[in-house]
>>> print(open('data_7.cif').read())   # mmCIF, C-alpha atoms and all ligand atoms
data_input
loop_
_atom_site.label_atom_id
_atom_site.label_comp_id
_atom_site.auth_asym_id
_atom_site.auth_seq_id
_atom_site.Cartn_x
_atom_site.Cartn_y
_atom_site.Cartn_z
CA MET F 48 -70.56 64.99 14.26
CA THR F 49 -71.19 62.28 11.78
CA THR F 50 -72.31 58.94 12.98
CA PRO F 51 -70.24 56.56 10.88
CA THR F 52 -72.50 54.23 8.96
CA LYS F 53 -71.59 51.22 6.96
CA GLU F 54 -72.78 50.94 3.44
CA GLY F 55 -76.05 49.08 3.50
CA SER F 56 -76.70 49.86 7.17
CA ALA F 57 -80.32 50.18 8.20
CA ALA F 58 -82.08 53.34 7.10
CA VAL F 59 -82.71 55.98 9.75
CA GLN F 60 -86.14 57.41 10.43
CA ALA F 61 -85.24 61.06 10.41
CA ARG F 62 -87.40 62.98 12.90
CA ARG F 63 -85.57 66.28 13.27
CA VAL F 64 -86.28 69.58 11.57
CA LEU F 65 -84.04 72.62 11.43
CA VAL F 66 -86.04 75.85 11.22
CA LEU F 67 -84.34 78.86 9.65
CA ASN F 68 -85.62 82.41 9.85
CA SER F 69 -83.32 84.64 7.80
CA GLY F 70 -83.84 88.37 8.20
CA SER F 71 -81.98 91.21 6.52
CA SER F 72 -79.14 91.21 9.07
CA SER F 73 -79.90 88.19 11.23
CA VAL F 74 -80.48 84.45 11.11
CA LYS F 75 -82.47 82.69 13.80
CA TYR F 76 -82.46 78.91 13.95
CA GLN F 77 -83.95 76.12 16.00
CA LEU F 78 -83.46 72.39 15.77
CA LEU F 79 -86.54 70.44 16.85
CA ASP F 80 -87.19 66.78 17.49
CA MET F 81 -90.61 66.03 16.04
CA ASP F 82 -91.10 62.92 18.18
CA ASP F 83 -91.84 65.02 21.24
CA ARG F 84 -91.72 68.49 19.61
CA SER F 85 -88.80 69.43 21.86
CA ARG F 86 -85.99 71.86 21.06
CA LEU F 87 -82.52 70.36 20.72
CA ALA F 88 -80.77 73.69 20.10
CA ILE F 89 -81.63 77.31 19.43
CA GLY F 90 -79.47 80.08 18.07
CA LEU F 91 -79.23 83.54 16.64
CA VAL F 92 -76.71 85.31 14.45
CA GLU F 93 -77.20 89.05 14.51
CA ARG F 94 -75.64 92.15 12.95
CA ILE F 95 -74.45 90.12 9.96
CA GLY F 96 -72.05 92.16 7.81
CA GLU F 97 -71.00 94.43 10.67
CA ASP F 98 -67.83 94.29 12.75
CA THR F 99 -69.98 93.65 15.82
CA SER F 100 -71.65 90.46 14.56
CA ARG F 101 -72.59 88.00 17.25
CA LEU F 102 -73.66 84.37 17.32
CA LEU F 103 -75.50 82.99 20.34
CA HIS F 104 -75.97 79.24 20.39
CA THR F 105 -77.76 77.30 23.11
CA PRO F 106 -77.76 73.51 23.09
CA LEU F 107 -80.76 72.19 24.99
CA THR F 108 -79.64 68.58 25.25
CA GLY F 109 -77.09 67.00 27.54
CA GLY F 110 -77.75 68.76 30.79
CA GLY F 111 -77.85 72.40 29.76
CA ALA F 112 -74.29 73.34 28.82
CA GLY F 113 -75.34 76.98 28.56
CA THR F 114 -75.19 79.54 25.79
CA ARG F 115 -72.04 79.87 23.69
CA GLU F 116 -71.19 83.19 22.11
CA ARG F 117 -69.03 84.12 19.14
CA THR F 118 -68.25 87.75 18.44
CA GLY F 119 -66.50 89.44 15.56
CA ARG F 120 -67.45 90.07 11.97
CA ILE F 121 -69.61 87.46 10.24
CA ALA F 122 -69.48 88.72 6.68
CA ASP F 123 -72.72 87.44 5.17
CA HIS F 124 -75.61 85.01 5.51
CA GLU F 125 -73.54 82.20 4.06
CA ALA F 126 -70.89 82.65 6.75
CA ALA F 127 -73.66 82.96 9.37
CA LEU F 128 -75.26 79.67 8.40
CA LYS F 129 -71.91 77.91 8.22
CA ALA F 130 -71.07 79.18 11.71
CA ALA F 131 -74.45 77.95 12.98
CA ALA F 132 -73.82 74.56 11.33
CA GLU F 133 -70.46 74.35 13.09
CA GLU F 134 -72.03 75.09 16.44
CA LEU F 135 -74.67 72.43 15.87
CA ALA F 136 -71.98 69.95 14.79
CA ALA F 137 -70.01 70.65 17.96
CA ASP F 138 -73.04 69.39 19.91
CA GLY F 139 -73.34 66.31 17.72
CA LEU F 140 -76.34 67.87 15.96
CA GLY F 141 -74.64 68.72 12.65
CA LEU F 142 -76.47 69.26 9.39
CA ASP F 143 -74.96 66.01 8.17
CA SER F 144 -76.84 64.01 10.80
CA PRO F 145 -78.95 61.23 9.27
CA GLU F 146 -81.62 62.13 11.78
CA LEU F 147 -82.24 65.49 10.12
CA ALA F 148 -85.41 65.12 8.03
CA ALA F 149 -85.68 68.57 6.51
CA ILE F 150 -84.94 72.24 6.80
CA GLY F 151 -87.99 74.50 7.14
CA HIS F 152 -87.55 78.08 5.98
CA ARG F 153 -89.71 80.97 7.02
CA VAL F 154 -90.52 82.88 3.83
CA VAL F 155 -92.40 86.12 4.30
CA HIS F 156 -94.16 86.52 0.96
CA GLY F 157 -95.67 83.69 -1.01
CA GLY F 158 -97.99 85.81 -3.16
CA LEU F 159 -101.08 84.07 -4.47
CA ARG F 160 -99.32 80.96 -5.68
CA PHE F 161 -98.08 79.53 -2.38
CA THR F 162 -101.05 78.61 -0.28
CA GLU F 163 -99.30 75.77 1.55
CA PRO F 164 -95.85 74.71 2.72
CA THR F 165 -93.86 73.83 -0.39
CA VAL F 166 -90.77 71.75 -1.08
CA ILE F 167 -88.21 74.12 -2.55
CA THR F 168 -87.11 73.36 -6.10
CA ASP F 169 -85.26 75.66 -8.53
CA GLU F 170 -88.64 76.61 -9.95
CA VAL F 171 -90.13 77.40 -6.52
CA LEU F 172 -87.09 79.51 -5.65
CA ALA F 173 -87.44 81.42 -8.93
CA GLU F 174 -91.08 82.16 -8.04
CA ILE F 175 -90.09 83.39 -4.56
CA GLU F 176 -87.59 85.68 -6.32
CA ARG F 177 -90.33 86.94 -8.62
CA LEU F 178 -92.14 88.14 -5.49
CA VAL F 179 -89.26 90.37 -4.35
CA PRO F 180 -90.92 93.55 -5.73
CA VAL F 181 -93.86 93.05 -3.32
CA ALA F 182 -91.60 92.08 -0.36
CA PRO F 183 -88.36 93.98 -0.95
CA LEU F 184 -87.40 94.04 2.73
CA HIS F 185 -87.99 90.37 3.46
CA ASN F 186 -87.87 87.91 0.57
CA PRO F 187 -84.23 88.68 -0.45
CA ALA F 188 -82.90 87.60 2.97
CA ASN F 189 -85.14 84.51 2.95
CA ILE F 190 -83.77 83.62 -0.51
CA ILE F 191 -80.15 83.89 0.61
CA GLY F 192 -80.94 81.62 3.57
CA ILE F 193 -82.50 79.04 1.26
CA ARG F 194 -79.63 79.14 -1.24
CA THR F 195 -77.03 78.70 1.48
CA ALA F 196 -78.87 75.86 3.19
CA ARG F 197 -79.39 74.09 -0.13
CA ALA F 198 -75.68 74.37 -0.89
CA LEU F 199 -74.90 72.86 2.52
CA ARG F 200 -77.35 69.96 2.14
CA PRO F 201 -78.45 69.62 -1.50
CA ASP F 202 -79.90 66.16 -0.86
CA LEU F 203 -82.16 67.20 2.01
CA PRO F 204 -85.79 68.32 1.54
CA GLN F 205 -86.01 72.05 2.13
CA VAL F 206 -89.47 73.43 2.72
CA ALA F 207 -90.71 77.01 2.47
CA VAL F 208 -93.41 77.99 4.97
CA PHE F 209 -94.99 81.28 3.96
CA ASP F 210 -96.22 84.05 6.26
CA THR F 211 -98.91 84.86 3.74
CA ALA F 212 -100.21 81.31 3.19
CA PHE F 213 -102.79 81.21 5.98
CA HIS F 214 -104.42 84.34 4.59
CA THR F 215 -104.89 83.06 1.05
CA THR F 216 -108.34 81.81 2.08
CA MET F 217 -109.55 85.42 2.45
CA PRO F 218 -112.51 86.06 0.16
CA GLU F 219 -111.80 88.27 -2.83
CA TYR F 220 -113.92 91.08 -1.37
CA ALA F 221 -111.61 91.20 1.66
CA ALA F 222 -108.36 90.82 -0.25
CA ARG F 223 -108.97 93.43 -2.96
CA TYR F 224 -108.32 97.12 -2.49
CA ALA F 225 -110.98 99.35 -4.03
CA ILE F 226 -108.66 100.75 -6.70
CA ASP F 227 -108.58 100.39 -10.48
CA VAL F 228 -108.57 96.65 -11.16
CA GLU F 229 -106.17 96.72 -14.14
CA THR F 230 -103.57 98.75 -12.25
CA ALA F 231 -103.91 96.56 -9.18
CA ASP F 232 -103.54 93.34 -11.16
CA ALA F 233 -100.64 94.60 -13.27
CA HIS F 234 -98.65 95.24 -10.10
CA ARG F 235 -100.07 92.43 -7.96
CA ILE F 236 -101.47 94.98 -5.52
CA ARG F 237 -103.86 93.31 -3.07
CA ARG F 238 -104.07 92.47 0.61
CA TYR F 239 -101.88 89.47 1.36
CA GLY F 240 -101.57 89.62 5.16
CA PHE F 241 -98.59 88.46 7.24
CA HIS F 242 -97.81 86.65 10.54
CA GLY F 243 -99.89 83.83 9.03
CA THR F 244 -97.89 81.07 10.71
CA SER F 245 -98.65 82.63 14.08
CA HIS F 246 -102.35 83.21 13.31
CA ALA F 247 -102.67 79.59 12.15
CA TYR F 248 -100.99 78.18 15.26
CA VAL F 249 -102.74 80.44 17.76
CA SER F 250 -106.22 80.03 16.29
CA ARG F 251 -105.85 76.23 16.39
CA LYS F 252 -104.52 76.30 19.97
CA ALA F 253 -107.40 78.58 20.99
CA ALA F 254 -109.89 76.04 19.68
CA GLU F 255 -108.11 73.34 21.72
CA LEU F 256 -108.32 75.57 24.80
CA LEU F 257 -112.07 75.85 24.25
CA GLY F 258 -112.28 72.06 23.94
CA ARG F 259 -113.52 72.30 20.35
CA THR F 260 -112.10 71.63 16.90
CA ALA F 261 -110.77 74.50 14.77
CA GLU F 262 -113.67 73.89 12.35
CA GLU F 263 -116.20 74.57 15.10
CA VAL F 264 -115.03 77.97 16.27
CA ASN F 265 -114.77 81.58 15.10
CA VAL F 266 -111.90 83.49 16.66
CA ILE F 267 -110.29 86.90 16.48
CA VAL F 268 -106.50 86.64 16.90
CA LEU F 269 -104.57 89.71 18.00
CA HIS F 270 -100.85 89.14 17.34
CA LEU F 271 -99.32 92.06 19.23
CA GLY F 272 -95.55 92.03 18.98
CA ASN F 273 -93.27 94.74 17.70
CA GLY F 274 -95.14 94.12 14.45
CA ALA F 275 -98.85 93.64 15.10
CA SER F 276 -101.76 92.20 13.18
CA ALA F 277 -105.31 91.00 13.74
CA SER F 278 -107.12 88.21 11.96
CA ALA F 279 -110.65 86.90 11.81
CA VAL F 280 -110.65 83.11 11.56
CA ALA F 281 -113.91 81.30 10.80
CA GLY F 282 -113.89 77.53 11.23
CA GLY F 283 -110.10 77.39 10.89
CA ARG F 284 -109.97 79.55 7.76
CA CYS F 285 -108.76 83.13 7.71
CA VAL F 286 -111.47 85.43 6.35
CA GLU F 287 -109.90 88.81 7.13
CA THR F 288 -106.60 90.19 8.38
CA SER F 289 -105.26 93.63 9.12
CA MET F 290 -101.96 93.69 7.20
CA GLY F 291 -102.13 94.28 3.49
CA LEU F 292 -99.80 94.48 0.50
CA THR F 293 -97.05 94.97 3.08
CA PRO F 294 -96.93 94.65 6.88
CA LEU F 295 -97.57 98.41 7.21
CA GLU F 296 -101.38 98.31 7.18
CA GLY F 297 -103.63 97.80 10.19
CA LEU F 298 -102.88 98.07 13.89
CA VAL F 299 -100.59 100.61 15.55
CA MET F 300 -97.22 98.84 15.88
CA GLY F 301 -93.88 99.40 17.60
CA THR F 302 -92.50 101.55 14.79
CA ARG F 303 -95.18 101.35 12.01
CA SER F 304 -98.17 103.61 11.67
CA GLY F 305 -100.71 100.98 10.66
CA ASP F 306 -103.83 102.39 8.94
CA ILE F 307 -103.42 105.89 7.61
CA ASP F 308 -105.13 108.00 4.93
CA PRO F 309 -103.00 107.28 1.83
CA ALA F 310 -103.22 110.99 1.00
CA VAL F 311 -100.86 111.64 3.93
CA THR F 312 -98.09 110.32 1.69
CA PHE F 313 -98.93 112.73 -1.19
CA HIS F 314 -99.12 115.53 1.32
CA LEU F 315 -95.70 114.71 2.77
CA LYS F 316 -94.23 114.64 -0.71
CA ARG F 317 -95.92 117.74 -2.07
CA VAL F 318 -96.02 119.94 1.00
CA ALA F 319 -93.20 118.68 3.22
CA GLY F 320 -90.90 117.92 0.26
CA MET F 321 -90.08 114.43 1.51
CA SER F 322 -88.87 111.76 -0.92
CA VAL F 323 -90.70 108.45 -1.28
CA ASP F 324 -87.83 106.71 0.54
CA GLU F 325 -88.03 109.19 3.40
CA ILE F 326 -91.78 108.65 3.72
CA ASP F 327 -91.20 104.89 3.65
CA VAL F 328 -88.77 105.22 6.58
CA LEU F 329 -91.12 107.60 8.42
CA LEU F 330 -94.11 105.23 8.24
CA ASN F 331 -92.20 101.98 8.81
CA LYS F 332 -89.52 103.00 11.29
CA ARG F 333 -90.42 106.32 12.90
CA SER F 334 -94.17 105.91 13.47
CA GLY F 335 -96.40 103.77 15.66
CA LEU F 336 -95.56 103.83 19.37
CA VAL F 337 -92.01 105.07 18.79
CA GLY F 338 -93.24 107.95 16.64
CA LEU F 339 -95.95 108.84 19.13
CA CYS F 340 -93.90 108.79 22.33
CA GLY F 341 -90.29 107.82 21.57
CA ASP F 342 -90.57 104.29 22.99
CA ASN F 343 -91.77 101.10 21.33
CA ASP F 344 -91.42 98.79 24.29
CA MET F 345 -94.76 98.45 26.04
CA ARG F 346 -93.04 97.90 29.41
CA GLU F 347 -91.31 101.27 29.14
CA ILE F 348 -94.53 102.95 28.00
CA ARG F 349 -96.41 101.56 31.00
CA ARG F 350 -93.62 102.68 33.36
CA ARG F 351 -93.84 106.21 31.95
CA ILE F 352 -97.62 106.23 32.29
CA GLU F 353 -97.27 105.27 35.96
CA GLU F 354 -95.06 108.34 36.34
CA GLY F 355 -97.72 110.56 34.76
CA ASP F 356 -96.17 110.94 31.30
CA GLU F 357 -98.92 112.30 29.02
CA ARG F 358 -97.28 111.46 25.69
CA ALA F 359 -96.90 107.84 26.73
CA ALA F 360 -100.54 107.80 27.91
CA LEU F 361 -101.77 109.19 24.58
CA ALA F 362 -99.67 106.65 22.63
CA PHE F 363 -101.21 103.85 24.73
CA ASP F 364 -104.74 105.18 24.15
CA ILE F 365 -104.20 105.40 20.38
CA TYR F 366 -102.82 101.84 20.36
CA VAL F 367 -105.77 100.48 22.32
CA HIS F 368 -108.38 102.49 20.38
CA ARG F 369 -107.17 100.89 17.12
CA LEU F 370 -107.38 97.45 18.73
CA LYS F 371 -110.97 98.09 19.77
CA LYS F 372 -111.89 99.19 16.26
CA TYR F 373 -110.53 95.93 14.85
CA ILE F 374 -112.25 93.78 17.49
CA GLY F 375 -115.53 95.48 16.63
CA ALA F 376 -115.00 95.23 12.88
CA TYR F 377 -113.99 91.58 13.01
CA SER F 378 -116.94 90.74 15.28
CA ALA F 379 -119.14 92.10 12.50
CA VAL F 380 -117.21 90.19 9.82
CA LEU F 381 -117.52 86.90 11.74
CA GLY F 382 -121.10 87.37 12.93
CA ARG F 383 -120.53 85.02 15.85
CA VAL F 384 -117.29 85.15 17.85
CA ASP F 385 -116.24 82.35 20.22
CA ALA F 386 -112.96 83.86 21.41
CA VAL F 387 -110.72 86.90 21.22
CA VAL F 388 -107.14 85.70 21.58
CA PHE F 389 -104.06 87.71 22.53
CA THR F 390 -100.58 86.60 21.49
CA ALA F 391 -96.94 87.72 20.86
CA GLY F 392 -94.74 89.93 23.08
CA VAL F 393 -97.36 92.53 24.05
CA GLY F 394 -100.40 90.27 23.80
CA GLU F 395 -98.86 87.56 25.99
CA ASN F 396 -97.32 89.84 28.58
CA SER F 397 -99.18 93.12 28.90
CA ALA F 398 -102.21 92.76 31.18
CA PRO F 399 -102.96 96.53 30.90
CA VAL F 400 -103.21 96.30 27.09
CA ARG F 401 -105.55 93.30 27.29
CA GLU F 402 -107.69 94.94 29.95
CA ALA F 403 -107.94 98.25 28.08
CA ALA F 404 -108.64 96.63 24.69
CA ILE F 405 -111.61 94.67 26.08
CA ALA F 406 -112.92 97.38 28.45
CA GLY F 407 -116.32 98.67 27.40
CA LEU F 408 -117.03 95.77 25.03
CA GLU F 409 -119.59 94.09 27.34
CA GLY F 410 -122.17 94.69 24.62
CA PHE F 411 -120.15 92.31 22.43
CA GLY F 412 -120.23 89.68 25.20
CA LEU F 413 -116.62 90.45 26.10
CA ALA F 414 -115.11 90.91 29.55
CA VAL F 415 -111.79 90.32 31.30
CA ASP F 416 -111.42 88.92 34.83
CA ALA F 417 -108.81 91.10 36.59
CA GLY F 418 -107.42 88.22 38.66
CA LEU F 419 -107.04 85.85 35.69
CA ASN F 420 -105.60 88.65 33.56
CA ALA F 421 -102.89 89.32 36.14
CA VAL F 422 -101.61 85.71 36.14
CA ARG F 423 -98.24 85.33 34.42
CA SER F 424 -97.88 82.03 32.60
CA GLY F 425 -96.37 80.54 29.49
CA GLU F 426 -99.45 78.35 28.96
CA PRO F 427 -102.58 79.00 26.91
CA ARG F 428 -105.24 80.30 29.30
CA LEU F 429 -108.63 81.95 29.57
CA ILE F 430 -108.81 85.41 31.13
CA SER F 431 -112.56 86.01 30.79
CA PRO F 432 -115.04 85.44 33.62
CA ASP F 433 -117.36 82.42 33.41
CA TYR F 434 -120.40 84.57 32.67
CA ALA F 435 -118.89 86.15 29.53
CA ARG F 436 -120.56 85.02 26.30
CA VAL F 437 -117.28 85.26 24.36
CA ALA F 438 -114.03 83.82 25.72
CA VAL F 439 -110.95 86.02 26.00
CA ALA F 440 -107.71 84.04 25.93
CA VAL F 441 -103.95 84.38 25.99
CA VAL F 442 -102.18 81.84 23.77
CA PRO F 443 -98.38 82.06 23.49
CA THR F 444 -97.40 81.85 19.85
CA ASP F 445 -94.70 79.49 18.58
CA GLU F 446 -93.90 80.18 14.95
CA GLU F 447 -90.84 77.90 14.91
CA LEU F 448 -92.83 74.92 16.18
CA GLU F 449 -95.53 75.63 13.58
CA ILE F 450 -92.93 75.87 10.78
CA ALA F 451 -91.28 72.65 11.98
CA GLY F 452 -94.67 70.92 12.25
CA GLN F 453 -95.78 71.98 8.77
CA THR F 454 -92.39 71.07 7.29
CA PHE F 455 -92.34 67.64 8.91
CA ALA F 456 -95.94 66.88 8.00
CA LEU F 457 -95.10 67.62 4.35
CA VAL F 458 -91.96 65.49 4.18
CA GLU F 459 -93.75 62.66 5.96
CA ARG F 460 -96.61 62.89 3.48
CA LEU F 461 -94.08 62.71 0.67
CA GLY F 462 -92.40 59.72 2.32
CA ARG F 463 -89.11 61.53 2.55
CA THR F 464 -88.18 61.02 6.18
CA GLU F 465 -86.17 57.89 5.54
CA GLN F 466 -82.52 58.84 5.27
CA PRO F 467 -79.86 56.40 4.05
CA GLY F 468 -77.61 57.48 6.90
CA GLN F 469 -74.72 58.27 4.59
CA ALA F 470 -74.80 62.03 4.29
CA GLU F 471 -71.55 63.77 3.49
CA PRO F 472 -69.97 65.53 6.48
CA LEU F 473 -70.52 69.23 6.12
CA GLY F 474 -69.64 72.48 7.76
CA GLN F 475 -67.79 70.71 10.52
CA VAL F 476 -65.04 72.36 12.42
CA ASP F 477 -63.39 71.03 15.53
CA ASN F 478 -63.86 73.51 18.29
P1 LIG P 1 -92.36 90.28 19.73
O1 LIG P 1 -92.21 91.06 18.45
O2 LIG P 1 -93.49 89.33 19.72
O3 LIG P 1 -91.07 89.66 20.19
O4 LIG P 1 -92.73 91.37 20.87
C1 LIG P 1 -91.80 92.33 21.28
C2 LIG P 1 -92.53 93.38 22.11
O5 LIG P 1 -93.23 92.76 23.19
C3 LIG P 1 -91.60 94.38 22.79
O6 LIG P 1 -91.28 95.44 21.94
C4 LIG P 1 -92.44 94.84 23.97
O7 LIG P 1 -93.22 95.96 23.59
C5 LIG P 1 -93.38 93.69 24.24
N1 LIG P 1 -93.10 93.01 25.51
C6 LIG P 1 -92.21 92.03 25.73
N2 LIG P 1 -92.25 91.66 27.03
C7 LIG P 1 -93.18 92.41 27.63
C8 LIG P 1 -93.70 92.52 28.97
N3 LIG P 1 -93.24 91.74 29.95
N4 LIG P 1 -94.68 93.42 29.19
C9 LIG P 1 -95.15 94.19 28.22
N5 LIG P 1 -94.71 94.16 26.94
C10 LIG P 1 -93.73 93.28 26.65
#
>>> encode(input="data_7.cif", output="structure tokens")
Amino acid sequence: MTTPTKEGSAAVQARRVLVLNSGSSSVKYQLLDMDDRSRLAIGLVERIGEDTSRLLHTPLTGGGAGTRERTGRIADHEAALKAAAEELAADGLGLDSPELAAIGHRVVHGGLRFTEPTVITDEVLAEIERLVPVAPLHNPANIIGIRTARALRPDLPQVAVFDTAFHTTMPEYAARYAIDVETADAHRIRRYGFHGTSHAYVSRKAAELLGRTAEEVNVIVLHLGNGASASAVAGGRCVETSMGLTPLEGLVMGTRSGDIDPAVTFHLKRVAGMSVDEIDVLLNKRSGLVGLCGDNDMREIRRRIEEGDERAALAFDIYVHRLKKYIGAYSAVLGRVDAVVFTAGVGENSAPVREAAIAGLEGFGLAVDAGLNAVRSGEPRLISPDYARVAVAVVPTDEELEIAGQTFALVERLGRTEQPGQAEPLGQVDN
């Protein structure tokens, strides 16, 4: 709802940021108050474009009114964002609120140009569009989200926060594939890395947990969600990461193969007669844990292992073996490691994965304390014994908070948090 303001009324110090994460068939949003970094509302629109679309909206102010649900077809991202704006408005948190400082958009691919959060202009949007060929699954949805949000609030700063940005500090020898340079450059083929917002947040939090500054520590971050990636962060700067041109490279993931001999793809085409699109689906959707054992949820895999299921046990061993290889490789890349940090759905919750990934790495100064590892907590914590030379930690990731923080820091730097308090009412519906 709009707070009526008289012409000439005192300007409002806008301290709220709306974070939008637009995927191919979903939009996730969170409204944060940057004074205390609290959530005012969170929501999700899923199955956009299907008859079974669903919006879940949870206001987190005013005594916990509970989650509201809308079902029925939400035709496209524009309709999804408008519906989300209506839900926010119904809680008095509408997009027209003078307290809204900016909208922060998660953008997956920023190429080489976007090394930092960036205020979105027509020119910036055109550049994000130019990157669609290297991020065909992700950037188009991000672009639709940006266009729709700009149409809803053209006057408001909109900031793109790129998944690739944190990795742009990788040295050229880590970012380049060893293929013909002209071909690589003509098609912008290089290792970009993803999950950068999470790696940035978690590596900084890990330094805090160690009681040091980010500049003082070298950490290996293992972001183990349905997608999974590792990074080596030296003094706050990413020097190596496991994802590459696309999020397919690196660790074994829920449905993606991770590292594979590229000749497997020629073989599948020539010998198995598969099309490029079929191979794409195989490696991105039917591989990793799901391809190995039929399940991609680590809880289910552990349950099956307890029951003696050998396929699940082999899938787990392959997953953990790849993790160990990356921990070893990144220890060598960093030279000195202060902490190995687990994050995201699997990393934060699966004690067996953490235990197995670190087991046998005593020679690297790594060990896990079984009691500490078994503790369930939403807080950053150490799980290594006191005697271990290298800390092992669990740090819950928070990409939305990081996007909001980066967005707000930018608009504050630009002096754009002062709103006249006269925004046009938008997307409001009485309900
Ligand atoms: P994310 O992509 O970060 O949301 O992580 C999702 C994945 O985390 C799921 O596919 C599960 O494999 C894993 N996960 C979530 N909760 C647990 C849990 N309690 N124990 C083990 N794995 C979990």
>>> closest_residue(input="data_7.cif", among="F:His246, F:Arg194, F:Lys75, F:Arg346", to="ligand LIG 1 (chain P)", atoms="only C-alpha atoms and all ligand atoms")
F:Arg346
>>> atom_distance(input="data_7.cif", atom1="atom C5 of ligand LIG 1 (chain P)", atom2="atom CA of Asp364 of chain F")
16.2 Å
>>> atom_distance(input="data_7.cif", atom1="atom CA of Leu336 of chain F", atom2="atom CA of Ser289 of chain F")
17.4 Å
>>> closest_residue(input="data_7.cif", among="F:Val179, F:Leu419, F:Val299, F:Leu107", to="ligand LIG 1 (chain P)", atoms="all atoms listed in the file")
F:Val299
>>> closest_atom_pairs(input="data_7.cif", of="segment 365-388 of chain F", to="segment 281-288 of chain F", cutoff="12 Å", atoms="all atoms listed in the file", output="JSON lines")
{"residue": "F:Tyr373", "atom": "CA", "partner": "F:Thr288", "partner_atom": "CA", "distance": 9.5}
{"residue": "F:Ile374", "atom": "CA", "partner": "F:Thr288", "partner_atom": "CA", "distance": 11.3}
{"residue": "F:Ala376", "atom": "CA", "partner": "F:Glu287", "partner_atom": "CA", "distance": 10.0}
{"residue": "F:Tyr377", "atom": "CA", "partner": "F:Glu287", "partner_atom": "CA", "distance": 7.7}
{"residue": "F:Ser378", "atom": "CA", "partner": "F:Ala281", "partner_atom": "CA", "distance": 10.9}
{"residue": "F:Ala379", "atom": "CA", "partner": "F:Glu287", "partner_atom": "CA", "distance": 11.2}
{"residue": "F:Val380", "atom": "CA", "partner": "F:Glu287", "partner_atom": "CA", "distance": 7.9}
{"residue": "F:Leu381", "atom": "CA", "partner": "F:Ala281", "partner_atom": "CA", "distance": 6.7}
{"residue": "F:Gly382", "atom": "CA", "partner": "F:Ala281", "partner_atom": "CA", "distance": 9.6}
{"residue": "F:Arg383", "atom": "CA", "partner": "F:Ala281", "partner_atom": "CA", "distance": 9.1}
{"residue": "F:Val384", "atom": "CA", "partner": "F:Ala281", "partner_atom": "CA", "distance": 8.7}
{"residue": "F:Asp385", "atom": "CA", "partner": "F:Ala281", "partner_atom": "CA", "distance": 9.8}
{"residue": "F:Ala386", "atom": "CA", "partner": "F:Ala281", "partner_atom": "CA", "distance": 11.0}
>>> residues_near_ligand(input="data_7.cif", ligand="ligand LIG 1 (chain P)", cutoff="8 Å", atoms="only C-alpha atoms and all ligand atoms", output="list in words")
His270, Leu271, Gly272, Asn273, Gly274, Ala275, Gly301, Asn343, Asp344, Met345, Arg346, Glu347, Arg349, Thr390, Ala391, Gly392, Val393, Gly394, Glu395, Asn396, Ser397 and Ala398 of chain F
>>> residues_around(input="data_7.cif", residues="Gly338 of chain F", least_positions_apart="4", cutoff="7 Å", atoms="all atoms listed in the file", output="NGL selection string")
:F and (302 or 333-334)
>>> residues_around(input="data_7.cif", residues="Ile190 of chain F", least_positions_apart="4", cutoff="9 Å", atoms="only C-alpha atoms", output="PyMOL selection string")
chain F and resi 69+154+172+175-176+185-186+194-195
>>> atom_distance(input="data_7.cif", atom1="atom CA of Glu229 of chain F", atom2="atom CA of Gly297 of chain F")
24.5 Å
>>> closest_residue(input="data_7.cif", among="F:Asp169, F:Ala360, F:Ser73, F:Leu203", to="Arg463 of chain F", atoms="all atoms listed in the file")
F:Leu203
>>> closest_residue(input="data_7.cif", among="F:Ala88, F:Gly258, F:Ala198, F:Asp327", to="Gly139 of chain F", atoms="all atoms listed in the file")
F:Ala88
>>> closest_residue(input="data_7.cif", among="F:Ile352, F:Ile450, F:Val171, F:Val266", to="Pro399 of chain F", atoms="all atoms listed in the file")
F:Ile352
>>> closest_residue(input="data_7.cif", among="F:Gly425, F:Gly407, F:Pro294, F:Leu330", to="Ile307 of chain F", atoms="only C-alpha atoms")
F:Leu330
>>> residues_around(input="data_7.cif", residues="Arg160 of chain F", least_positions_apart="3", cutoff="10 Å", atoms="all atoms listed in the file", output="ChimeraX atom specification")
/F:157,163,171,174-175,212,215
>>> residues_around(input="data_7.cif", residues="Thr99 of chain F", least_positions_apart="4", cutoff="8 Å", atoms="all atoms listed in the file", output="ChimeraX atom specification")
/F:94,118-120
